[in-house]
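As provided, model-v2.tsv (TSV, N, CA and C atoms) reads as follows.
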chain	number	residue	atom	x	y	z
Y	1	MET	N	59.25	175.03	329.70
Y	1	MET	CA	58.12	174.54	328.95
Y	1	MET	C	57.79	173.12	329.38
Y	2	SER	N	56.54	172.85	329.42
Y	2	SER	CA	56.13	171.49	329.75
Y	2	SER	C	56.16	170.62	328.51
Y	3	ASP	N	56.34	169.34	328.74
Y	3	ASP	CA	56.41	168.38	327.65
Y	3	ASP	C	55.00	167.88	327.34
Y	4	LEU	N	54.42	168.38	326.24
Y	4	LEU	CA	53.08	167.98	325.84
Y	4	LEU	C	53.18	166.92	324.75
Y	5	ARG	N	52.43	165.87	324.92
Y	5	ARG	CA	52.42	164.80	323.93
Y	5	ARG	C	50.99	164.59	323.45
Y	6	VAL	N	50.86	164.54	322.17
Y	6	VAL	CA	49.55	164.29	321.57
Y	6	VAL	C	49.54	162.85	321.09
Y	7	THR	N	48.56	162.10	321.56
Y	7	THR	CA	48.44	160.71	321.13
Y	7	THR	C	47.13	160.53	320.38
Y	8	SER	N	47.11	159.55	319.56
Y	8	SER	CA	45.90	159.23	318.81
Y	8	SER	C	44.83	158.71	319.76
Y	9	VAL	N	43.60	158.85	319.35
Y	9	VAL	CA	42.49	158.34	320.15
Y	9	VAL	C	42.58	156.82	320.26
Y	10	LEU	N	43.06	156.17	319.20
Y	10	LEU	CA	43.13	154.71	319.20
Y	10	LEU	C	44.40	154.17	319.82
Y	11	GLN	N	45.32	155.04	320.20
Y	11	GLN	CA	46.59	154.58	320.75
Y	11	GLN	C	46.54	154.62	322.27
Y	12	ALA	N	46.86	153.51	322.90
Y	12	ALA	CA	46.84	153.42	324.35
Y	12	ALA	C	48.10	154.05	324.93
Y	13	PRO	N	48.01	154.69	326.08
Y	13	PRO	CA	49.20	155.22	326.71
Y	13	PRO	C	50.15	154.10	327.13
Y	14	PRO	N	51.46	154.34	327.22
Y	14	PRO	CA	52.41	153.27	327.52
Y	14	PRO	C	52.15	152.53	328.81
Y	15	HIS	N	51.67	153.22	329.85
Y	15	HIS	CA	51.43	152.56	331.13
Y	15	HIS	C	50.20	151.66	331.10
Y	16	ALA	N	49.35	151.82	330.10
Y	16	ALA	CA	48.13	151.02	330.04
Y	16	ALA	C	48.35	149.68	329.35
Y	17	THR	N	49.47	149.51	328.66
Y	17	THR	CA	49.66	148.28	327.90
Y	17	THR	C	49.85	147.06	328.79
Y	18	ALA	N	50.48	147.21	329.94
Y	18	ALA	CA	50.68	146.06	330.84
Y	18	ALA	C	49.34	145.58	331.38
Y	19	ALA	N	48.49	146.49	331.80
Y	19	ALA	CA	47.18	146.11	332.31
Y	19	ALA	C	46.29	145.59	331.19
Y	20	ALA	N	46.46	146.15	330.00
Y	20	ALA	CA	45.61	145.75	328.88
Y	20	ALA	C	45.95	144.35	328.36
Y	21	THR	N	47.12	143.85	328.66
Y	21	THR	CA	47.51	142.52	328.19
Y	21	THR	C	46.54	141.46	328.71
Y	22	ASN	N	46.06	141.63	329.92
Y	22	ASN	CA	45.11	140.67	330.50
Y	22	ASN	C	43.72	140.82	329.91
Y	23	ASP	N	43.43	141.96	329.29
Y	23	ASP	CA	42.10	142.22	328.75
Y	23	ASP	C	41.98	141.95	327.26
Y	24	ARG	N	42.97	141.30	326.66
Y	24	ARG	CA	42.92	141.07	325.22
Y	24	ARG	C	41.73	140.23	324.78
Y	25	PRO	N	41.34	139.17	325.50
Y	25	PRO	CA	40.13	138.45	325.07
Y	25	PRO	C	38.88	139.33	325.11
Y	26	ARG	N	38.78	140.18	326.12
Y	26	ARG	CA	37.63	141.10	326.19
Y	26	ARG	C	37.68	142.11	325.06
Y	27	LEU	N	38.88	142.58	324.73
Y	27	LEU	CA	39.03	143.52	323.63
Y	27	LEU	C	38.64	142.87	322.31
Y	28	ARG	N	39.09	141.64	322.09
Y	28	ARG	CA	38.75	140.95	320.84
Y	28	ARG	C	37.23	140.76	320.73
Y	29	LYS	N	36.59	140.41	321.84
Y	29	LYS	CA	35.14	140.23	321.85
Y	29	LYS	C	34.43	141.55	321.55
Y	30	ALA	N	34.89	142.62	322.18
Y	30	ALA	CA	34.26	143.93	321.96
Y	30	ALA	C	34.42	144.39	320.52
Y	31	VAL	N	35.60	144.19	319.94
Y	31	VAL	CA	35.82	144.57	318.55
Y	31	VAL	C	34.91	143.76	317.63
Y	32	GLY	N	34.78	142.47	317.92
Y	32	GLY	CA	33.89	141.63	317.12
Y	32	GLY	C	32.45	142.09	317.20
Y	33	GLU	N	32.01	142.51	318.38
Y	33	GLU	CA	30.64	142.99	318.54
Y	33	GLU	C	30.42	144.28	317.77
Y	34	VAL	N	31.40	145.18	317.81
Y	34	VAL	CA	31.26	146.45	317.09
Y	34	VAL	C	31.21	146.21	315.59
Y	35	VAL	N	32.09	145.37	315.09
Y	35	VAL	CA	32.12	145.08	313.65
Y	35	VAL	C	30.83	144.40	313.22
Y	36	SER	N	30.35	143.44	314.01
Y	36	SER	CA	29.12	142.74	313.62
Y	36	SER	C	27.91	143.67	313.65
Y	37	ALA	N	27.82	144.53	314.66
Y	37	ALA	CA	26.70	145.46	314.74
Y	37	ALA	C	26.75	146.52	313.64
Y	38	THR	N	27.96	146.93	313.28
Y	38	THR	CA	28.12	147.99	312.30
Y	38	THR	C	27.94	147.49	310.87
Y	39	PHE	N	28.46	146.31	310.58
Y	39	PHE	CA	28.45	145.84	309.20
Y	39	PHE	C	27.44	144.72	308.95
Y	40	TYR	N	27.37	143.74	309.84
Y	40	TYR	CA	26.46	142.63	309.61
Y	40	TYR	C	25.03	142.98	309.99
Y	41	GLY	N	24.84	143.89	310.93
Y	41	GLY	CA	23.50	144.29	311.35
Y	41	GLY	C	22.66	144.85	310.21
Y	42	PRO	N	23.17	145.86	309.50
Y	42	PRO	CA	22.39	146.38	308.37
Y	42	PRO	C	22.13	145.33	307.28
Y	43	MET	N	23.11	144.48	307.04
Y	43	MET	CA	22.94	143.43	306.04
Y	43	MET	C	21.82	142.47	306.45
Y	44	LEU	N	21.77	142.14	307.73
Y	44	LEU	CA	20.73	141.26	308.23
Y	44	LEU	C	19.36	141.94	308.16
Y	45	ARG	N	19.30	143.23	308.46
Y	45	ARG	CA	18.04	143.97	308.36
Y	45	ARG	C	17.52	144.00	306.93
Y	46	ILE	N	18.42	144.19	305.96
Y	46	ILE	CA	18.01	144.20	304.56
Y	46	ILE	C	17.46	142.83	304.17
Y	47	ALA	N	18.12	141.78	304.62
Y	47	ALA	CA	17.64	140.43	304.32
Y	47	ALA	C	16.28	140.18	304.96
Y	48	ARG	N	16.08	140.67	306.17
Y	48	ARG	CA	14.80	140.48	306.87
Y	48	ARG	C	13.67	141.24	306.18
Y	49	ASN	N	13.99	142.39	305.63
Y	49	ASN	CA	12.96	143.22	305.00
Y	49	ASN	C	12.64	142.79	303.57
Y	50	SER	N	13.35	141.80	303.05
Y	50	SER	CA	13.06	141.33	301.70
Y	50	SER	C	11.71	140.62	301.69
Y	51	THR	N	11.14	140.53	300.55
Y	51	THR	CA	9.80	139.93	300.44
Y	51	THR	C	9.85	138.44	300.17
Y	52	ILE	N	11.02	137.86	300.24
Y	52	ILE	CA	11.15	136.43	299.99
Y	52	ILE	C	10.69	135.67	301.23
Y	53	GLU	N	9.52	135.11	301.14
Y	53	GLU	CA	8.99	134.31	302.23
Y	53	GLU	C	8.08	133.26	301.62
Y	54	GLY	N	8.52	132.06	301.67
Y	54	GLY	CA	7.76	130.99	301.05
Y	54	GLY	C	6.88	130.26	302.05
Y	55	LYS	N	6.37	129.16	301.57
Y	55	LYS	CA	5.51	128.33	302.41
Y	55	LYS	C	6.32	127.68	303.54
Y	56	TYR	N	7.58	127.38	303.24
Y	56	TYR	CA	8.47	126.74	304.21
Y	56	TYR	C	9.70	127.62	304.45
Y	57	GLY	N	10.39	127.40	305.53
Y	57	GLY	CA	11.67	128.06	305.76
Y	57	GLY	C	11.62	129.35	306.54
Y	58	HIS	N	10.49	129.64	307.13
Y	58	HIS	CA	10.44	130.81	308.01
Y	58	HIS	C	9.77	130.39	309.31
Y	59	GLY	N	10.02	131.19	310.35
Y	59	GLY	CA	9.59	130.81	311.69
Y	59	GLY	C	8.18	131.21	312.06
Y	60	GLY	N	7.46	131.80	311.13
Y	60	GLY	CA	6.08	132.16	311.40
Y	60	GLY	C	5.95	133.33	312.36
Y	61	ARG	N	4.88	133.33	313.11
Y	61	ARG	CA	4.56	134.44	314.00
Y	61	ARG	C	5.58	134.58	315.14
Y	62	GLY	N	6.06	133.45	315.66
Y	62	GLY	CA	7.05	133.50	316.74
Y	62	GLY	C	8.33	134.18	316.32
Y	63	GLU	N	8.78	133.89	315.10
Y	63	GLU	CA	9.99	134.53	314.61
Y	63	GLU	C	9.77	136.03	314.42
Y	64	LYS	N	8.60	136.42	313.94
Y	64	LYS	CA	8.31	137.84	313.76
Y	64	LYS	C	8.28	138.58	315.10
Y	65	ILE	N	7.73	137.94	316.12
Y	65	ILE	CA	7.63	138.58	317.43
Y	65	ILE	C	9.01	138.76	318.06
Y	66	PHE	N	9.85	137.73	317.97
Y	66	PHE	CA	11.16	137.78	318.62
Y	66	PHE	C	12.30	138.03	317.63
Y	67	GLN	N	12.00	138.66	316.52
Y	67	GLN	CA	12.98	138.87	315.47
Y	67	GLN	C	14.17	139.71	315.94
Y	68	ALA	N	13.94	140.74	316.73
Y	68	ALA	CA	15.04	141.59	317.20
Y	68	ALA	C	16.00	140.80	318.10
Y	69	GLN	N	15.45	139.98	318.99
Y	69	GLN	CA	16.31	139.18	319.86
Y	69	GLN	C	17.07	138.12	319.05
Y	70	LEU	N	16.41	137.52	318.08
Y	70	LEU	CA	17.06	136.53	317.24
Y	70	LEU	C	18.20	137.17	316.44
Y	71	ASP	N	17.93	138.33	315.88
Y	71	ASP	CA	18.97	139.04	315.12
Y	71	ASP	C	20.15	139.40	316.02
Y	72	GLN	N	19.88	139.81	317.25
Y	72	GLN	CA	20.97	140.15	318.18
Y	72	GLN	C	21.82	138.92	318.49
Y	73	GLU	N	21.18	137.78	318.65
Y	73	GLU	CA	21.93	136.55	318.88
Y	73	GLU	C	22.79	136.18	317.68
Y	74	PHE	N	22.23	136.34	316.48
Y	74	PHE	CA	23.01	136.09	315.26
Y	74	PHE	C	24.22	137.01	315.20
Y	75	LEU	N	24.02	138.29	315.52
Y	75	LEU	CA	25.12	139.25	315.49
Y	75	LEU	C	26.17	138.93	316.54
Y	76	ASN	N	25.75	138.52	317.74
Y	76	ASN	CA	26.71	138.14	318.78
Y	76	ASN	C	27.55	136.94	318.34
Y	77	LEU	N	26.90	135.94	317.75
Y	77	LEU	CA	27.63	134.78	317.26
Y	77	LEU	C	28.59	135.15	316.13
Y	78	ALA	N	28.12	135.97	315.20
Y	78	ALA	CA	28.98	136.38	314.09
Y	78	ALA	C	30.18	137.17	314.60
Y	79	GLY	N	29.96	138.05	315.55
Y	79	GLY	CA	31.05	138.86	316.08
Y	79	GLY	C	32.07	138.06	316.86
Y	80	SER	N	31.62	137.05	317.56
Y	80	SER	CA	32.56	136.28	318.37
Y	80	SER	C	33.27	135.19	317.58
Y	81	ARG	N	32.71	134.75	316.49
Y	81	ARG	CA	33.28	133.62	315.75
Y	81	ARG	C	34.06	134.02	314.50
Y	82	MET	N	33.69	135.12	313.90
Y	82	MET	CA	34.34	135.49	312.64
Y	82	MET	C	35.58	136.33	312.89
Y	83	ARG	N	36.64	135.96	312.23
Y	83	ARG	CA	37.87	136.76	312.27
Y	83	ARG	C	38.20	137.13	310.84
Y	84	ASN	N	37.92	138.37	310.49
Y	84	ASN	CA	38.22	138.82	309.15
Y	84	ASN	C	39.27	139.93	309.22
Y	85	SER	N	39.68	140.41	308.08
Y	85	SER	CA	40.79	141.38	308.06
Y	85	SER	C	40.42	142.68	308.76
Y	86	LEU	N	39.16	143.12	308.66
Y	86	LEU	CA	38.76	144.36	309.32
Y	86	LEU	C	38.80	144.20	310.84
Y	87	THR	N	38.23	143.11	311.34
Y	87	THR	CA	38.24	142.86	312.78
Y	87	THR	C	39.67	142.75	313.30
Y	88	GLU	N	40.51	142.04	312.58
Y	88	GLU	CA	41.90	141.87	313.00
Y	88	GLU	C	42.66	143.19	312.98
Y	89	ALA	N	42.42	144.02	311.97
Y	89	ALA	CA	43.11	145.31	311.88
Y	89	ALA	C	42.72	146.23	313.04
Y	90	ILE	N	41.44	146.27	313.36
Y	90	ILE	CA	40.99	147.11	314.48
Y	90	ILE	C	41.54	146.57	315.79
Y	91	TYR	N	41.50	145.26	315.96
Y	91	TYR	CA	42.02	144.64	317.18
Y	91	TYR	C	43.50	144.94	317.37
Y	92	ARG	N	44.29	144.74	316.31
Y	92	ARG	CA	45.73	144.99	316.41
Y	92	ARG	C	46.02	146.45	316.73
Y	93	ARG	N	45.24	147.35	316.15
Y	93	ARG	CA	45.45	148.78	316.39
Y	93	ARG	C	45.17	149.12	317.86
Y	94	LEU	N	44.06	148.59	318.38
Y	94	LEU	CA	43.72	148.87	319.77
Y	94	LEU	C	44.59	148.14	320.77
Y	95	ALA	N	45.11	146.98	320.37
Y	95	ALA	CA	45.97	146.20	321.27
Y	95	ALA	C	47.41	146.66	321.22
Y	96	GLY	N	47.70	147.64	320.42
Y	96	GLY	CA	49.07	148.15	320.36
Y	96	GLY	C	49.93	147.44	319.35
Y	97	GLY	N	49.31	146.79	318.38
Y	97	GLY	CA	50.05	146.14	317.32
Y	97	GLY	C	50.65	144.80	317.67
Y	98	LYS	N	50.35	144.29	318.85
Y	98	LYS	CA	50.92	143.00	319.28
Y	98	LYS	C	49.87	141.91	319.16
Y	99	GLU	N	50.29	140.76	318.72
Y	99	GLU	CA	49.40	139.61	318.60
Y	99	GLU	C	49.24	138.94	319.95
Y	100	GLU	N	48.20	138.11	320.06
Y	100	GLU	CA	47.98	137.34	321.30
Y	100	GLU	C	49.04	136.30	321.48
Written as structure tokens, that's how I'd like the structure from this file.
Amino acid sequence: MSDLRVTSVLQAPPHATAAATNDRPRLRKAVGEVVSATFYGPMLRIARNSTIEGKYGHGGRGEKIFQAQLDQEFLNLAGSRMRNSLTEAIYRRLAGGKEE
């Protein structure tokens, strides 16, 4: 009989951990981007769609035209700068449970 091993989708094979050690900053960045797009993106869209718009404090026509690009930049910054428990848990799981 052959030795069949079933691994989780989120678990890296043992031979991949040595190569993945060099990619930890990229992994952390990717996890941050996924979390920000998944959780902060909808929250930002809800805030954008609110009717709160006064005489001051909004970017006018230019902000409306480039709103998608501005939102993407906000999400990129949030994903790269924020370290919360969800981001850390996903990162540790994908990194094999080892800290940087």
note = Between atom C of Y:Ile90 and atom CA of Y:Ser36 lies a distance of 13.2 Å
inquiry  = Quick one: residues within 8 Å of Y:Val35, all atoms listed in the file, excluding same-chain residues fewer than 4 positions away - as a ChimeraX atom specification?
reply    = /Y:29-31,39-41,75,78-79,86-87
query = In Å, how far is it from atom N of Y:Gly32 to atom CA of Y:Arg93?
reply =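 Rounded to one decimal, the two atoms are 12.5 Å apart.
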ask   = What does the distance between atom CA of Y:Glu33 and atom CA of Y:Ser80 come to in Å, to one decimal place?
value = 7.0 Å
Would you compute, for all listed atoms of stretch 62-78 of chain Y, the axis-aligned bounding box grown by 3 Å on each side, and then report its centre and edge lengths in Å rounded to one decimal, as JSON?
{"center_x": 18.1, "center_y": 137.5, "center_z": 316.8, "size_x": 30.1, "size_y": 14.1, "size_z": 12.1}
